[in-house]
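Read through the structure below, which is laid out as structure tokens, and then see the notes.
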Amino acid sequence: MRYFLSLLLVMFTITSFAQVQYEVIEKSGRKVLKGIINRELLTKDSSFKWFQKQQEGYTPPSAVVSGIRSKSTEVQYLVFGGTWCGDTRFLLPKFYSLLDSAGVGEDRVTLVAVDYSKKTIGNLAEAFNITRVPTFIVLKDGKEVGRVVEYGTTGQWDKELNEIVIGKK
């Protein structure tokens, strides 16, 4: 029940505020974001040049694109990542490339940035038991149906995400 209430609170918070809600932490010459952010923030800020660079060269498997596309209006994605984290820097841009290829709209994704301690504004990371980033959570009808943590259990994060989305996992 606590999980469901937390999820409702997150969804209400996200839909209630149109603007990005985050804070900036400067540490060791690196810009770290904490809170609810979006892709545009990462692509427009010169501190995050890694985003566009990591999108280059990734072509999502066609079967994965097809599966994600088939459920594009039925699921939402809640993604936790760290702008400081090497795994997030590698996988998050590819995640967005996959969604773009599948025609999934930005309105289907909520991106939450965590600090070095994997904490965020409003204790969202704690509410969703986030211990490693990136974590890609798939939601259907407001309920979690699965998640891929970092590279997944097989190292094929995109295929695992697809299996969750299409209901095979």
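Identifiers for the structure tokens are assigned positionally: chains receive A, B, ... in sequence, residues are indexed from 1 per chain, and ligands are indexed from 1 in the order shown.
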Spatial neighbours of stretch 142-155 of chain A, 7 Å, only C-alpha atoms, chain gap at least 4 places, as a PyMOL selection string: chain A and resi 87+132-138+160-161+164
Filtered DSSP result for stretch 18-151 of chain A, state strand (DSSP E or B), as a VMD selection string: chain A and resid 21 to 27 30 to 37 75 to 81 109 to 113 135 to 140 143 to 149
Go ahead and save the picked residues with C-alpha atoms, as a PDB file, in the first residue's frame.
ATOM      1  CA  GLN A  21      11.965  20.752 -10.704  1.00  0.00           C
ATOM      2  CA  TYR A  22      15.578  20.193  -9.837  1.00  0.00           C
ATOM      3  CA  GLU A  23      18.587  21.647  -8.140  1.00  0.00           C
ATOM      4  CA  VAL A  24      22.144  21.984  -9.369  1.00  0.00           C
ATOM      5  CA  ILE A  25      25.072  20.797  -7.287  1.00  0.00           C
ATOM      6  CA  GLU A  26      28.603  21.810  -8.299  1.00  0.00           C
ATOM      7  CA  LYS A  27      31.190  19.328  -7.079  1.00  0.00           C
ATOM      8  CA  ARG A  30      31.189  18.780 -12.319  1.00  0.00           C
ATOM      9  CA  LYS A  31      27.560  19.799 -12.574  1.00  0.00           C
ATOM     10  CA  VAL A  32      25.248  17.319 -10.868  1.00  0.00           C
ATOM     11  CA  LEU A  33      21.483  17.568 -11.170  1.00  0.00           C
ATOM     12  CA  LYS A  34      19.061  16.400  -8.493  1.00  0.00           C
ATOM     13  CA  GLY A  35      15.311  16.211  -9.011  1.00  0.00           C
ATOM     14  CA  ILE A  36      12.850  15.938 -11.867  1.00  0.00           C
ATOM     15  CA  ILE A  37      14.554  16.851 -15.123  1.00  0.00           C
ATOM     16  CA  VAL A  75       3.133   2.128 -20.487  1.00  0.00           C
ATOM     17  CA  GLN A  76       5.068   4.919 -18.862  1.00  0.00           C
ATOM     18  CA  TYR A  77       8.717   5.002 -17.911  1.00  0.00           C
ATOM     19  CA  LEU A  78      10.078   6.274 -14.629  1.00  0.00           C
ATOM     20  CA  VAL A  79      13.840   6.594 -14.984  1.00  0.00           C
ATOM     21  CA  PHE A  80      16.336   7.298 -12.232  1.00  0.00           C
ATOM     22  CA  GLY A  81      19.847   8.315 -13.230  1.00  0.00           C
ATOM     23  CA  VAL A 109       8.906   9.436 -19.574  1.00  0.00           C
ATOM     24  CA  THR A 110       9.634  10.906 -16.169  1.00  0.00           C
ATOM     25  CA  LEU A 111      13.343  11.394 -15.587  1.00  0.00           C
ATOM     26  CA  VAL A 112      14.592  11.769 -12.030  1.00  0.00           C
ATOM     27  CA  ALA A 113      18.197  12.759 -11.343  1.00  0.00           C
ATOM     28  CA  THR A 135      17.092   2.256 -13.162  1.00  0.00           C
ATOM     29  CA  PHE A 136      14.385   2.067 -15.826  1.00  0.00           C
ATOM     30  CA  ILE A 137      10.974   1.345 -14.297  1.00  0.00           C
ATOM     31  CA  VAL A 138       8.064   0.356 -16.534  1.00  0.00           C
ATOM     32  CA  LEU A 139       4.629   1.377 -15.270  1.00  0.00           C
ATOM     33  CA  LYS A 140       1.251   0.211 -16.539  1.00  0.00           C
ATOM     34  CA  LYS A 143       1.739   0.158 -11.221  1.00  0.00           C
ATOM     35  CA  GLU A 144       5.264  -1.081 -11.667  1.00  0.00           C
ATOM     36  CA  VAL A 145       5.385  -4.091 -13.984  1.00  0.00           C
ATOM     37  CA  GLY A 146       9.157  -4.400 -14.002  1.00  0.00           C
ATOM     38  CA  ARG A 147      12.494  -2.652 -14.006  1.00  0.00           C
ATOM     39  CA  VAL A 148      15.902  -2.853 -15.576  1.00  0.00           C
ATOM     40  CA  VAL A 149      18.742  -1.834 -13.297  1.00  0.00           C
TER      41      VAL A 149
END
Helix (DSSP H, G or I) per DSSP on the backbone: members of stretch 60-156 of chain A, as number ranges by chain: A: 62-70, 86-102, 106-108, 121-127
Surrounding residues of A:Lys71 excluding itself and chain neighbours under 3 positions, 7 Å, only C-alpha atoms, as number ranges by chain: A: 67-68, 74-75, 165-166
With C-alpha atoms retained, could you export that selection as an mmCIF file, in the first residue's frame?
data_model
loop_
_atom_site.group_PDB
_atom_site.id
_atom_site.type_symbol
_atom_site.label_atom_id
_atom_site.label_comp_id
_atom_site.auth_asym_id
_atom_site.auth_seq_id
_atom_site.Cartn_x
_atom_site.Cartn_y
_atom_site.Cartn_z
ATOM 1 C CA GLY A 67 7.791 -4.316 -29.176
ATOM 2 C CA ILE A 68 8.220 -0.926 -27.524
ATOM 3 C CA GLU A 74 0.026 1.669 -22.616
ATOM 4 C CA VAL A 75 3.133 2.128 -20.487
ATOM 5 C CA VAL A 165 6.978 -3.809 -21.875
ATOM 6 C CA ILE A 166 5.425 -6.576 -23.971
#
Point-to-point distance in Å for atom CA of A:Pro61 and atom CA of A:Lys94: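 Pair atom CA of A:Lys94 / atom CA of A:Pro61 returns 11.6 Å.
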Interatomic distance, atom CA of A:Ser101 to atom CA of A:Val65 (Å, one decimal):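 Going from atom CA of A:Ser101 over to atom CA of A:Val65 covers 6.4 Å.
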For A:Phe51: contacts at 10 Å, only C-alpha atoms, fewer than 6 positions along chain excluded, given as JSON, numbers by chain: {"A": [39, 42, 43, 44, 45, 83, 88, 89, 90, 91, 92, 93, 94, 96]}
Any chance you could export the current selection's C-alpha atoms as a PDB file, in the first residue's frame?
ATOM      1  CA  ARG A  39      15.998  15.326 -21.928  1.00  0.00           C
ATOM      2  CA  LEU A  42      20.586  17.494 -20.898  1.00  0.00           C
ATOM      3  CA  THR A  43      20.818  18.243 -24.609  1.00  0.00           C
ATOM      4  CA  LYS A  44      20.925  22.022 -24.284  1.00  0.00           C
ATOM      5  CA  ASP A  45      23.403  22.362 -21.413  1.00  0.00           C
ATOM      6  CA  THR A  83      24.387  12.969 -14.378  1.00  0.00           C
ATOM      7  CA  THR A  88      23.761   6.584 -16.781  1.00  0.00           C
ATOM      8  CA  ARG A  89      25.884   8.592 -19.190  1.00  0.00           C
ATOM      9  CA  PHE A  90      26.228   5.509 -21.386  1.00  0.00           C
ATOM     10  CA  LEU A  91      22.689   4.079 -21.217  1.00  0.00           C
ATOM     11  CA  LEU A  92      20.331   7.050 -20.832  1.00  0.00           C
ATOM     12  CA  PRO A  93      21.053   8.526 -24.279  1.00  0.00           C
ATOM     13  CA  LYS A  94      20.559   5.085 -25.816  1.00  0.00           C
ATOM     14  CA  TYR A  96      16.027   7.904 -25.523  1.00  0.00           C
TER      15      TYR A  96
END
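If you count only C-alpha atoms and ignore residues fewer than 4 places along the chain from stretch 123-125 of chain A, what sits within 9 Å of it is Ser6, Val10, Gly35, Phe80, Val112, Val114, Lys118, Lys119, Asn129, Ile130 and Thr131 of chain A.
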Å distance separating atom CA of A:Asn38 from atom CA of A:Arg108, one decimal place: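 Result for atom CA of A:Asn38 versus atom CA of A:Arg108: 11.4 Å, one decimal.
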A:Gly103 environment, 8 Å, only C-alpha atoms, sequence neighbours closer than 4 positions dropped, as a count of residues only: 3
